[in-house]
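Asker: File follows, my_file.cif with mmCIF, N, CA and C atoms:
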data_work
loop_
_atom_site.group_PDB
_atom_site.id
_atom_site.type_symbol
_atom_site.label_atom_id
_atom_site.label_comp_id
_atom_site.auth_asym_id
_atom_site.auth_seq_id
_atom_site.Cartn_x
_atom_site.Cartn_y
_atom_site.Cartn_z
ATOM 1 N N MET A 1 -24.292 8.678 8.232
ATOM 2 C CA MET A 1 -23.497 9.849 8.537
ATOM 3 C C MET A 1 -22.090 9.491 9.003
ATOM 4 N N ILE A 2 -21.836 8.197 9.229
ATOM 5 C CA ILE A 2 -20.512 7.727 9.636
ATOM 6 C C ILE A 2 -20.065 6.698 8.592
ATOM 7 N N ARG A 3 -18.806 6.790 8.177
ATOM 8 C CA ARG A 3 -18.236 5.822 7.230
ATOM 9 C C ARG A 3 -16.931 5.282 7.778
ATOM 10 N N VAL A 4 -16.625 4.052 7.419
ATOM 11 C CA VAL A 4 -15.332 3.456 7.738
ATOM 12 C C VAL A 4 -14.579 3.313 6.429
ATOM 13 N N LEU A 5 -13.368 3.856 6.383
ATOM 14 C CA LEU A 5 -12.544 3.797 5.182
ATOM 15 C C LEU A 5 -11.189 3.190 5.505
ATOM 16 N N LYS A 6 -10.636 2.481 4.544
ATOM 17 C CA LYS A 6 -9.301 1.909 4.689
ATOM 18 C C LYS A 6 -8.295 2.857 4.047
ATOM 19 N N VAL A 7 -7.216 3.128 4.765
ATOM 20 C CA VAL A 7 -6.173 4.024 4.270
ATOM 21 C C VAL A 7 -5.321 3.282 3.250
ATOM 22 N N THR A 8 -5.126 3.912 2.100
ATOM 23 C CA THR A 8 -4.202 3.385 1.099
ATOM 24 C C THR A 8 -3.145 4.452 0.836
ATOM 25 N N GLY A 9 -1.936 4.016 0.617
ATOM 26 C CA GLY A 9 -0.851 4.957 0.371
ATOM 27 C C GLY A 9 -0.179 5.386 1.663
ATOM 28 N N GLU A 10 0.861 6.171 1.501
ATOM 29 C CA GLU A 10 1.688 6.589 2.637
ATOM 30 C C GLU A 10 1.729 8.108 2.800
ATOM 31 N N SER A 11 0.747 8.802 2.267
ATOM 32 C CA SER A 11 0.722 10.263 2.292
ATOM 33 C C SER A 11 0.833 10.856 3.695
ATOM 34 N N LEU A 12 0.214 10.211 4.676
ATOM 35 C CA LEU A 12 0.225 10.730 6.045
ATOM 36 C C LEU A 12 1.082 9.870 6.984
ATOM 37 N N TYR A 13 1.976 9.066 6.418
ATOM 38 C CA TYR A 13 2.878 8.233 7.221
ATOM 39 C C TYR A 13 3.808 9.128 8.026
ATOM 40 N N PRO A 14 4.113 8.851 9.258
ATOM 41 C CA PRO A 14 3.811 7.659 10.044
ATOM 42 C C PRO A 14 2.520 7.764 10.864
ATOM 43 N N LEU A 15 1.795 8.868 10.764
ATOM 44 C CA LEU A 15 0.552 9.010 11.531
ATOM 45 C C LEU A 15 -0.504 8.003 11.095
ATOM 46 N N TYR A 16 -0.671 7.877 9.790
ATOM 47 C CA TYR A 16 -1.627 6.935 9.209
ATOM 48 C C TYR A 16 -0.847 6.067 8.233
ATOM 49 N N LYS A 17 -0.980 4.748 8.407
ATOM 50 C CA LYS A 17 -0.220 3.815 7.588
ATOM 51 C C LYS A 17 -1.149 3.033 6.668
ATOM 52 N N GLU A 18 -0.583 2.527 5.590
ATOM 53 C CA GLU A 18 -1.298 1.663 4.652
ATOM 54 C C GLU A 18 -2.005 0.558 5.440
ATOM 55 N N GLY A 19 -3.299 0.376 5.210
ATOM 56 C CA GLY A 19 -4.053 -0.669 5.882
ATOM 57 C C GLY A 19 -4.747 -0.229 7.159
ATOM 58 N N ASP A 20 -4.427 0.966 7.668
ATOM 59 C CA ASP A 20 -5.163 1.501 8.816
ATOM 60 C C ASP A 20 -6.606 1.785 8.386
ATOM 61 N N PHE A 21 -7.484 1.917 9.357
ATOM 62 C CA PHE A 21 -8.861 2.299 9.085
ATOM 63 C C PHE A 21 -9.157 3.619 9.780
ATOM 64 N N VAL A 22 -10.033 4.408 9.173
ATOM 65 C CA VAL A 22 -10.476 5.654 9.786
ATOM 66 C C VAL A 22 -11.996 5.667 9.812
ATOM 67 N N ILE A 23 -12.526 6.244 10.866
ATOM 68 C CA ILE A 23 -13.966 6.470 10.945
ATOM 69 C C ILE A 23 -14.179 7.940 10.638
ATOM 70 N N VAL A 24 -14.999 8.184 9.640
ATOM 71 C CA VAL A 24 -15.204 9.525 9.105
ATOM 72 C C VAL A 24 -16.628 9.969 9.381
ATOM 73 N N SER A 25 -16.761 11.160 9.955
ATOM 74 C CA SER A 25 -18.075 11.736 10.232
ATOM 75 C C SER A 25 -18.471 12.683 9.115
ATOM 76 N N LYS A 26 -19.702 12.524 8.654
ATOM 77 C CA LYS A 26 -20.251 13.424 7.648
ATOM 78 C C LYS A 26 -21.287 14.354 8.270
ATOM 79 N N ILE A 27 -21.344 14.356 9.597
ATOM 80 C CA ILE A 27 -22.337 15.162 10.305
ATOM 81 C C ILE A 27 -21.973 16.645 10.151
ATOM 82 N N PRO A 28 -22.890 17.467 9.652
ATOM 83 C CA PRO A 28 -22.585 18.866 9.355
ATOM 84 C C PRO A 28 -21.982 19.668 10.503
ATOM 85 N N PHE A 29 -22.458 19.505 11.737
ATOM 86 C CA PHE A 29 -21.911 20.329 12.825
ATOM 87 C C PHE A 29 -20.447 19.995 13.085
ATOM 88 N N VAL A 30 -20.044 18.763 12.806
ATOM 89 C CA VAL A 30 -18.629 18.395 12.958
ATOM 90 C C VAL A 30 -17.802 19.082 11.874
ATOM 91 N N LEU A 31 -18.326 19.101 10.649
ATOM 92 C CA LEU A 31 -17.601 19.720 9.534
ATOM 93 C C LEU A 31 -17.522 21.239 9.685
ATOM 94 N N ASN A 32 -18.485 21.842 10.356
ATOM 95 C CA ASN A 32 -18.464 23.294 10.543
ATOM 96 C C ASN A 32 -17.354 23.739 11.484
ATOM 97 N N ARG A 33 -16.814 22.837 12.257
ATOM 98 C CA ARG A 33 -15.777 23.170 13.233
ATOM 99 C C ARG A 33 -14.391 22.728 12.770
ATOM 100 N N LEU A 34 -14.140 22.794 11.487
ATOM 101 C CA LEU A 34 -12.838 22.403 10.969
ATOM 102 C C LEU A 34 -11.765 23.355 11.478
ATOM 103 N N LYS A 35 -10.576 22.780 11.768
ATOM 104 C CA LYS A 35 -9.457 23.606 12.209
ATOM 105 C C LYS A 35 -8.162 23.042 11.642
ATOM 106 N N ILE A 36 -7.144 23.849 11.673
ATOM 107 C CA ILE A 36 -5.834 23.424 11.198
ATOM 108 C C ILE A 36 -5.395 22.209 12.017
ATOM 109 N N GLY A 37 -4.900 21.202 11.316
ATOM 110 C CA GLY A 37 -4.474 19.969 11.958
ATOM 111 C C GLY A 37 -5.501 18.849 11.864
ATOM 112 N N ASP A 38 -6.771 19.188 11.560
ATOM 113 C CA ASP A 38 -7.782 18.148 11.374
ATOM 114 C C ASP A 38 -7.440 17.326 10.140
ATOM 115 N N VAL A 39 -7.778 16.044 10.184
ATOM 116 C CA VAL A 39 -7.598 15.170 9.030
ATOM 117 C C VAL A 39 -8.967 14.994 8.389
ATOM 118 N N ILE A 40 -9.010 15.225 7.079
ATOM 119 C CA ILE A 40 -10.271 15.156 6.350
ATOM 120 C C ILE A 40 -10.155 14.211 5.162
ATOM 121 N N VAL A 41 -11.306 13.773 4.695
ATOM 122 C CA VAL A 41 -11.409 13.005 3.457
ATOM 123 C C VAL A 41 -12.176 13.891 2.487
ATOM 124 N N PHE A 42 -11.685 13.965 1.261
ATOM 125 C CA PHE A 42 -12.338 14.807 0.271
ATOM 126 C C PHE A 42 -12.212 14.179 -1.106
ATOM 127 N N SER A 43 -12.983 14.695 -2.025
ATOM 128 C CA SER A 43 -12.965 14.208 -3.399
ATOM 129 C C SER A 43 -12.240 15.226 -4.271
ATOM 130 N N HIS A 44 -11.269 14.746 -5.034
ATOM 131 C CA HIS A 44 -10.520 15.604 -5.948
ATOM 132 C C HIS A 44 -10.782 15.129 -7.374
ATOM 133 N N THR A 45 -11.030 16.057 -8.277
ATOM 134 C CA THR A 45 -11.410 15.691 -9.642
ATOM 135 C C THR A 45 -10.357 14.834 -10.348
ATOM 136 N N LEU A 46 -9.081 15.070 -10.127
ATOM 137 C CA LEU A 46 -8.029 14.300 -10.786
ATOM 138 C C LEU A 46 -7.545 13.093 -9.986
ATOM 139 N N HIS A 47 -7.584 13.181 -8.666
ATOM 140 C CA HIS A 47 -6.967 12.161 -7.819
ATOM 141 C C HIS A 47 -7.956 11.295 -7.046
ATOM 142 N N GLY A 48 -9.247 11.547 -7.178
ATOM 143 C CA GLY A 48 -10.249 10.732 -6.503
ATOM 144 C C GLY A 48 -10.365 11.052 -5.022
ATOM 145 N N THR A 49 -10.679 10.040 -4.218
ATOM 146 C CA THR A 49 -10.836 10.215 -2.781
ATOM 147 C C THR A 49 -9.464 10.319 -2.135
ATOM 148 N N MET A 50 -9.280 11.362 -1.337
ATOM 149 C CA MET A 50 -7.984 11.603 -0.699
ATOM 150 C C MET A 50 -8.175 11.859 0.787
ATOM 151 N N ILE A 51 -7.131 11.548 1.562
ATOM 152 C CA ILE A 51 -7.110 11.845 2.994
ATOM 153 C C ILE A 51 -5.884 12.716 3.248
ATOM 154 N N LYS A 52 -6.097 13.882 3.846
ATOM 155 C CA LYS A 52 -5.014 14.838 4.096
ATOM 156 C C LYS A 52 -5.293 15.610 5.380
ATOM 157 N N MET A 53 -4.296 16.342 5.820
ATOM 158 C CA MET A 53 -4.398 17.184 7.007
ATOM 159 C C MET A 53 -4.598 18.637 6.568
ATOM 160 N N ILE A 54 -5.485 19.350 7.268
ATOM 161 C CA ILE A 54 -5.711 20.764 6.953
ATOM 162 C C ILE A 54 -4.494 21.565 7.419
ATOM 163 N N ASN A 55 -3.945 22.336 6.494
ATOM 164 C CA ASN A 55 -2.769 23.156 6.763
ATOM 165 C C ASN A 55 -3.140 24.635 6.907
ATOM 166 N N GLU A 56 -4.202 25.032 6.229
ATOM 167 C CA GLU A 56 -4.596 26.447 6.231
ATOM 168 C C GLU A 56 -6.058 26.562 5.816
ATOM 169 N N ILE A 57 -6.775 27.496 6.421
ATOM 170 C CA ILE A 57 -8.159 27.786 6.058
ATOM 171 C C ILE A 57 -8.212 29.260 5.692
ATOM 172 N N ASN A 58 -8.728 29.579 4.490
ATOM 173 C CA ASN A 58 -8.747 30.993 4.101
ATOM 174 C C ASN A 58 -9.764 31.762 4.929
ATOM 175 N N GLN A 59 -9.723 33.076 4.830
ATOM 176 C CA GLN A 59 -10.552 33.925 5.692
ATOM 177 C C GLN A 59 -12.049 33.675 5.543
ATOM 178 N N SER A 60 -12.482 33.341 4.338
ATOM 179 C CA SER A 60 -13.918 33.081 4.143
ATOM 180 C C SER A 60 -14.315 31.712 4.692
ATOM 181 N N GLY A 61 -13.332 30.850 4.917
ATOM 182 C CA GLY A 61 -13.608 29.507 5.423
ATOM 183 C C GLY A 61 -14.062 28.536 4.358
ATOM 184 N N GLU A 62 -14.089 28.978 3.104
ATOM 185 C CA GLU A 62 -14.584 28.132 2.010
ATOM 186 C C GLU A 62 -13.489 27.412 1.237
ATOM 187 N N LYS A 63 -12.256 27.805 1.418
ATOM 188 C CA LYS A 63 -11.122 27.167 0.730
ATOM 189 C C LYS A 63 -10.119 26.724 1.782
ATOM 190 N N LEU A 64 -9.516 25.560 1.533
ATOM 191 C CA LEU A 64 -8.544 25.011 2.477
ATOM 192 C C LEU A 64 -7.308 24.536 1.732
ATOM 193 N N ARG A 65 -6.177 24.631 2.400
ATOM 194 C CA ARG A 65 -4.949 24.013 1.908
ATOM 195 C C ARG A 65 -4.747 22.758 2.740
ATOM 196 N N VAL A 66 -4.451 21.672 2.051
ATOM 197 C CA VAL A 66 -4.279 20.381 2.718
ATOM 198 C C VAL A 66 -2.907 19.816 2.371
ATOM 199 N N ILE A 67 -2.341 19.076 3.316
ATOM 200 C CA ILE A 67 -1.016 18.508 3.090
ATOM 201 C C ILE A 67 -0.958 17.074 3.602
ATOM 202 N N GLY A 68 0.012 16.358 3.061
ATOM 203 C CA GLY A 68 0.393 15.067 3.590
ATOM 204 C C GLY A 68 1.669 15.273 4.389
ATOM 205 N N THR A 69 2.077 14.274 5.134
ATOM 206 C CA THR A 69 3.292 14.403 5.939
ATOM 207 C C THR A 69 4.539 14.026 5.160
ATOM 208 N N GLN A 70 4.370 13.459 3.989
ATOM 209 C CA GLN A 70 5.506 13.052 3.171
ATOM 210 C C GLN A 70 5.865 14.145 2.160
ATOM 211 N N GLU A 71 7.146 14.306 1.937
ATOM 212 C CA GLU A 71 7.624 15.333 1.002
ATOM 213 C C GLU A 71 7.055 15.147 -0.401
ATOM 214 N N ASN A 72 6.874 13.891 -0.823
ATOM 215 C CA ASN A 72 6.383 13.615 -2.176
ATOM 216 C C ASN A 72 4.863 13.430 -2.232
ATOM 217 N N SER A 73 4.160 13.789 -1.174
ATOM 218 C CA SER A 73 2.711 13.671 -1.127
ATOM 219 C C SER A 73 2.065 14.581 -2.171
ATOM 220 N N ILE A 74 1.040 14.059 -2.822
ATOM 221 C CA ILE A 74 0.257 14.893 -3.743
ATOM 222 C C ILE A 74 -0.771 15.623 -2.882
ATOM 223 N N ASP A 75 -0.634 16.943 -2.818
ATOM 224 C CA ASP A 75 -1.483 17.740 -1.935
ATOM 225 C C ASP A 75 -1.570 19.165 -2.454
ATOM 226 N N SER A 76 -1.945 20.105 -1.606
ATOM 227 C CA SER A 76 -2.114 21.500 -2.042
ATOM 228 C C SER A 76 -0.832 22.125 -2.573
ATOM 229 N N ARG A 77 0.299 21.539 -2.255
ATOM 230 C CA ARG A 77 1.559 22.052 -2.823
ATOM 231 C C ARG A 77 1.583 21.852 -4.333
ATOM 232 N N GLN A 78 0.822 20.853 -4.832
ATOM 233 C CA GLN A 78 0.728 20.620 -6.272
ATOM 234 C C GLN A 78 -0.573 21.165 -6.853
ATOM 235 N N PHE A 79 -1.719 20.889 -6.209
ATOM 236 C CA PHE A 79 -2.989 21.239 -6.833
ATOM 237 C C PHE A 79 -3.685 22.448 -6.223
ATOM 238 N N GLY A 80 -3.076 23.097 -5.253
ATOM 239 C CA GLY A 80 -3.658 24.313 -4.677
ATOM 240 C C GLY A 80 -4.749 24.034 -3.663
ATOM 241 N N GLU A 81 -5.558 25.037 -3.401
ATOM 242 C CA GLU A 81 -6.613 24.939 -2.397
ATOM 243 C C GLU A 81 -7.740 24.019 -2.871
ATOM 244 N N ILE A 82 -8.453 23.471 -1.892
ATOM 245 C CA ILE A 82 -9.654 22.697 -2.217
ATOM 246 C C ILE A 82 -10.863 23.467 -1.701
ATOM 247 N N ASP A 83 -11.999 23.216 -2.312
ATOM 248 C CA ASP A 83 -13.254 23.822 -1.855
ATOM 249 C C ASP A 83 -13.786 23.039 -0.665
ATOM 250 N N ARG A 84 -14.313 23.748 0.292
ATOM 251 C CA ARG A 84 -14.926 23.109 1.457
ATOM 252 C C ARG A 84 -16.010 22.122 1.025
ATOM 253 N N SER A 85 -16.688 22.428 -0.069
ATOM 254 C CA SER A 85 -17.779 21.572 -0.555
ATOM 255 C C SER A 85 -17.293 20.209 -1.044
ATOM 256 N N SER A 86 -15.997 20.061 -1.293
ATOM 257 C CA SER A 86 -15.464 18.773 -1.758
ATOM 258 C C SER A 86 -15.196 17.804 -0.605
ATOM 259 N N ILE A 87 -15.304 18.291 0.632
ATOM 260 C CA ILE A 87 -15.043 17.453 1.802
ATOM 261 C C ILE A 87 -16.187 16.459 1.983
ATOM 262 N N THR A 88 -15.825 15.187 2.109
ATOM 263 C CA THR A 88 -16.832 14.154 2.332
ATOM 264 C C THR A 88 -16.913 13.752 3.798
ATOM 265 N N GLY A 89 -15.931 14.165 4.599
ATOM 266 C CA GLY A 89 -15.987 13.862 6.019
ATOM 267 C C GLY A 89 -14.717 14.240 6.752
ATOM 268 N N LYS A 90 -14.830 14.225 8.072
ATOM 269 C CA LYS A 90 -13.709 14.527 8.961
ATOM 270 C C LYS A 90 -13.384 13.261 9.752
ATOM 271 N N VAL A 91 -12.099 12.930 9.853
ATOM 272 C CA VAL A 91 -11.695 11.743 10.602
ATOM 273 C C VAL A 91 -11.930 12.003 12.087
ATOM 274 N N ILE A 92 -12.726 11.120 12.701
ATOM 275 C CA ILE A 92 -13.015 11.261 14.133
ATOM 276 C C ILE A 92 -12.396 10.121 14.946
ATOM 277 N N MET A 93 -11.931 9.068 14.235
ATOM 278 C CA MET A 93 -11.297 7.952 14.939
ATOM 279 C C MET A 93 -10.350 7.237 13.991
ATOM 280 N N HIS A 94 -9.249 6.762 14.540
ATOM 281 C CA HIS A 94 -8.206 6.094 13.772
ATOM 282 C C HIS A 94 -7.962 4.715 14.372
ATOM 283 N N VAL A 95 -8.052 3.681 13.547
ATOM 284 C CA VAL A 95 -7.811 2.308 13.991
ATOM 285 C C VAL A 95 -6.577 1.804 13.258
ATOM 286 N N ARG A 96 -5.513 1.575 14.000
ATOM 287 C CA ARG A 96 -4.245 1.159 13.385
ATOM 288 C C ARG A 96 -4.302 -0.277 12.887
ATOM 289 N N ASN A 97 -3.610 -0.496 11.782
ATOM 290 C CA ASN A 97 -3.453 -1.835 11.230
ATOM 291 C C ASN A 97 -2.642 -2.668 12.216
ATOM 292 N N PRO A 98 -3.166 -3.790 12.684
ATOM 293 C CA PRO A 98 -2.445 -4.576 13.684
ATOM 294 C C PRO A 98 -1.162 -5.210 13.150
ATOM 295 N N ASN A 99 -0.963 -5.194 11.845
ATOM 296 C CA ASN A 99 0.248 -5.787 11.259
ATOM 297 C C ASN A 99 1.453 -4.875 11.353
ATOM 298 N N TYR A 100 1.277 -3.627 11.842
ATOM 299 C CA TYR A 100 2.401 -2.701 11.961
ATOM 300 C C TYR A 100 2.902 -2.702 13.382
#
Could the structure of this file be written out as structure tokens, please?
Answerer:
Amino acid sequence: MIRVLKVTGESLYPLYKEGDFVIVSKIPFVLNRLKIGDVIVFSHTLHGTMIKMINEINQSGEKLRVIGTQENSIDSRQFGEIDRSSITGKVIMHVRNPNY
């Protein structure tokens, strides 16, 4: 129910940098309490596994808009809302790359 993933790319820079690690919870009660500002990992059909910040949750709670902190980030500004069912976990801990 817990996974460790390595961050690749600069989508959430400077909060999350290339080479950082995140601990992701797949525990359902944690995912049920999603809120704006949470960082999640999800699967996208075209872009694979992605890490983004929740920007908006629709009224039904089943669709979310996600963003990166970089202007050129591939996120909901390009591909629209994601389904809640595509979420593979919520980041519960961030371990910075010691080389930064």
Asker: How would you write, as a PyMOL selection string, the residues chosen by the PyMOL selection byres (((chain A and resi 96-98 and name CA) around 9) and name CA) on this structure?
Answerer: chain A and resi 16-22+94-95+99-100
Asker: Tell me, as a short mmCIF file (atom, residue, chain, number, x, y, z; two decimals) with N, CA and C atoms, keeping the file's coordinate frame, which residues lie within 7 Å of Glu62 (chain A), counting all atoms listed in the file; anything in the same chain fewer than 5 positions away does not count.
Answerer:
data_model
loop_
_atom_site.label_atom_id
_atom_site.label_comp_id
_atom_site.auth_asym_id
_atom_site.auth_seq_id
_atom_site.Cartn_x
_atom_site.Cartn_y
_atom_site.Cartn_z
N ILE A 57 -6.78 27.50 6.42
CA ILE A 57 -8.16 27.79 6.06
C ILE A 57 -8.21 29.26 5.69
N ILE A 82 -8.45 23.47 -1.89
CA ILE A 82 -9.65 22.70 -2.22
C ILE A 82 -10.86 23.47 -1.70
N ASP A 83 -12.00 23.22 -2.31
CA ASP A 83 -13.25 23.82 -1.86
C ASP A 83 -13.79 23.04 -0.66
N ARG A 84 -14.31 23.75 0.29
CA ARG A 84 -14.93 23.11 1.46
C ARG A 84 -16.01 22.12 1.02
N SER A 85 -16.69 22.43 -0.07
CA SER A 85 -17.78 21.57 -0.56
C SER A 85 -17.29 20.21 -1.04
#
Asker: Give me, as an NGL selection string, all polymer residues having an atom no more than 5 Å from Ile54 (chain A), counting only N, CA and C atoms and skipping those fewer than 6 positions away in the same chain.
Answerer: :A and (36-39 or 65-66)
Asker: Work out how far CA of Phe42 (chain A) is from CA of Ser25 (chain A), in Å to one decimal.
Answerer: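 These two atoms are separated by 11.9 Å.
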Asker: Rounded to one decimal in Å, what is the spacing between atom C of Pro14 (chain A) and CA of Ile67 (chain A)?
Answerer: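 Computing it gives 13.7 Å between the two atoms.
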Asker: From a backbone DSSP assignment, name each residue in chain A labelled alpha helix (DSSP H), as a count of residues only.
Answerer: 8
Asker: Taking the chain letters and numbering used in this document, name the residues of chain A that DSSP puts in strand (DSSP E or B), as a PyMOL selection string.
Answerer: chain A and resi 2-6+21-25+39-44+48-57+63-67+82-83+87-95
Asker: When you draw a straight line from atom C of Phe29 (chain A) to CA of Leu46 (chain A), how long is it in Å?
Answerer: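 Separation between atom C of Phe29 (chain A) and CA of Leu46 (chain A): 27.5 Å.
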Asker: Any idea what's packed within 5 Å of Ile23 (chain A), counting all atoms listed in the file, ignoring anything in its chain fewer than 5 positions away? Could you give it as a list in words?
Answerer: Arg3, Val4, Val91, Ile92, Met93 and His94 of chain A
Asker: Would you please work out which residue, of A:Ile2, A:Thr69, A:Gly80, A:Ile87, is nearest to Asn32 (chain A) when using only C-alpha atoms?
Answerer: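 Of the candidates, the smallest distance to Asn32 (chain A) is held by A:Ile87.
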Asker: Mind rebuilding region 9-18 of chain A with all heavy atoms and writing that out as an mmCIF file, in the frame of the given file?
Answerer:
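Resulting contents of rebuild12.cif:
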data_model
loop_
_atom_site.group_PDB
_atom_site.id
_atom_site.type_symbol
_atom_site.label_atom_id
_atom_site.label_comp_id
_atom_site.auth_asym_id
_atom_site.auth_seq_id
_atom_site.Cartn_x
_atom_site.Cartn_y
_atom_site.Cartn_z
ATOM 1 N N GLY A 9 -1.936 4.016 0.617
ATOM 2 C CA GLY A 9 -0.851 4.957 0.371
ATOM 3 C C GLY A 9 -0.179 5.386 1.663
ATOM 4 O O GLY A 9 -0.590 5.022 2.758
ATOM 5 N N GLU A 10 0.861 6.171 1.501
ATOM 6 C CA GLU A 10 1.688 6.589 2.637
ATOM 7 C C GLU A 10 1.729 8.108 2.800
ATOM 8 O O GLU A 10 2.644 8.648 3.402
ATOM 9 C CB GLU A 10 3.113 6.042 2.465
ATOM 10 C CG GLU A 10 3.189 4.526 2.375
ATOM 11 C CD GLU A 10 2.827 3.828 3.674
ATOM 12 O OE1 GLU A 10 3.036 4.410 4.761
ATOM 13 O OE2 GLU A 10 2.334 2.687 3.611
ATOM 14 N N SER A 11 0.747 8.802 2.267
ATOM 15 C CA SER A 11 0.722 10.263 2.292
ATOM 16 C C SER A 11 0.833 10.856 3.695
ATOM 17 O O SER A 11 1.460 11.885 3.885
ATOM 18 C CB SER A 11 -0.547 10.762 1.620
ATOM 19 O OG SER A 11 -0.674 12.147 1.744
ATOM 20 N N LEU A 12 0.214 10.211 4.676
ATOM 21 C CA LEU A 12 0.225 10.730 6.045
ATOM 22 C C LEU A 12 1.082 9.870 6.984
ATOM 23 O O LEU A 12 0.938 9.936 8.205
ATOM 24 C CB LEU A 12 -1.200 10.846 6.593
ATOM 25 C CG LEU A 12 -2.050 11.946 5.968
ATOM 26 C CD1 LEU A 12 -3.489 11.866 6.457
ATOM 27 C CD2 LEU A 12 -1.474 13.317 6.248
ATOM 28 N N TYR A 13 1.976 9.066 6.418
ATOM 29 C CA TYR A 13 2.878 8.233 7.221
ATOM 30 C C TYR A 13 3.808 9.128 8.026
ATOM 31 O O TYR A 13 4.252 10.143 7.528
ATOM 32 C CB TYR A 13 3.692 7.339 6.267
ATOM 33 C CG TYR A 13 4.637 6.408 6.976
ATOM 34 C CD1 TYR A 13 4.195 5.176 7.422
ATOM 35 C CD2 TYR A 13 5.958 6.768 7.218
ATOM 36 C CE1 TYR A 13 5.052 4.319 8.084
ATOM 37 C CE2 TYR A 13 6.815 5.920 7.883
ATOM 38 C CZ TYR A 13 6.354 4.693 8.314
ATOM 39 O OH TYR A 13 7.200 3.851 8.976
ATOM 40 N N PRO A 14 4.113 8.851 9.258
ATOM 41 C CA PRO A 14 3.811 7.659 10.044
ATOM 42 C C PRO A 14 2.520 7.764 10.864
ATOM 43 O O PRO A 14 2.178 6.830 11.577
ATOM 44 C CB PRO A 14 5.012 7.547 10.977
ATOM 45 C CG PRO A 14 5.390 8.965 11.257
ATOM 46 C CD PRO A 14 5.090 9.706 9.962
ATOM 47 N N LEU A 15 1.795 8.868 10.764
ATOM 48 C CA LEU A 15 0.552 9.010 11.531
ATOM 49 C C LEU A 15 -0.504 8.003 11.095
ATOM 50 O O LEU A 15 -1.164 7.374 11.917
ATOM 51 C CB LEU A 15 -0.005 10.428 11.390
ATOM 52 C CG LEU A 15 0.918 11.568 11.826
ATOM 53 C CD1 LEU A 15 0.310 12.910 11.459
ATOM 54 C CD2 LEU A 15 1.186 11.485 13.310
ATOM 55 N N TYR A 16 -0.671 7.877 9.790
ATOM 56 C CA TYR A 16 -1.627 6.935 9.209
ATOM 57 C C TYR A 16 -0.847 6.067 8.233
ATOM 58 O O TYR A 16 -0.153 6.580 7.361
ATOM 59 C CB TYR A 16 -2.738 7.678 8.452
ATOM 60 C CG TYR A 16 -3.612 8.508 9.344
ATOM 61 C CD1 TYR A 16 -3.204 9.762 9.803
ATOM 62 C CD2 TYR A 16 -4.859 8.051 9.736
ATOM 63 C CE1 TYR A 16 -4.004 10.528 10.632
ATOM 64 C CE2 TYR A 16 -5.678 8.812 10.558
ATOM 65 C CZ TYR A 16 -5.237 10.047 10.996
ATOM 66 O OH TYR A 16 -6.043 10.796 11.806
ATOM 67 N N LYS A 17 -0.980 4.748 8.407
ATOM 68 C CA LYS A 17 -0.220 3.815 7.588
ATOM 69 C C LYS A 17 -1.149 3.033 6.668
ATOM 70 O O LYS A 17 -2.342 2.884 6.944
ATOM 71 C CB LYS A 17 0.548 2.846 8.488
ATOM 72 C CG LYS A 17 1.554 3.563 9.364
ATOM 73 C CD LYS A 17 2.211 2.612 10.326
ATOM 74 C CE LYS A 17 3.164 3.397 11.212
ATOM 75 N NZ LYS A 17 3.195 2.930 12.569
ATOM 76 N N GLU A 18 -0.583 2.527 5.590
ATOM 77 C CA GLU A 18 -1.298 1.663 4.652
ATOM 78 C C GLU A 18 -2.005 0.558 5.440
ATOM 79 O O GLU A 18 -1.392 -0.092 6.291
ATOM 80 C CB GLU A 18 -0.301 1.044 3.678
ATOM 81 C CG GLU A 18 -0.894 0.081 2.696
ATOM 82 C CD GLU A 18 -1.326 0.728 1.403
ATOM 83 O OE1 GLU A 18 -0.734 1.746 1.000
ATOM 84 O OE2 GLU A 18 -2.260 0.194 0.797
#
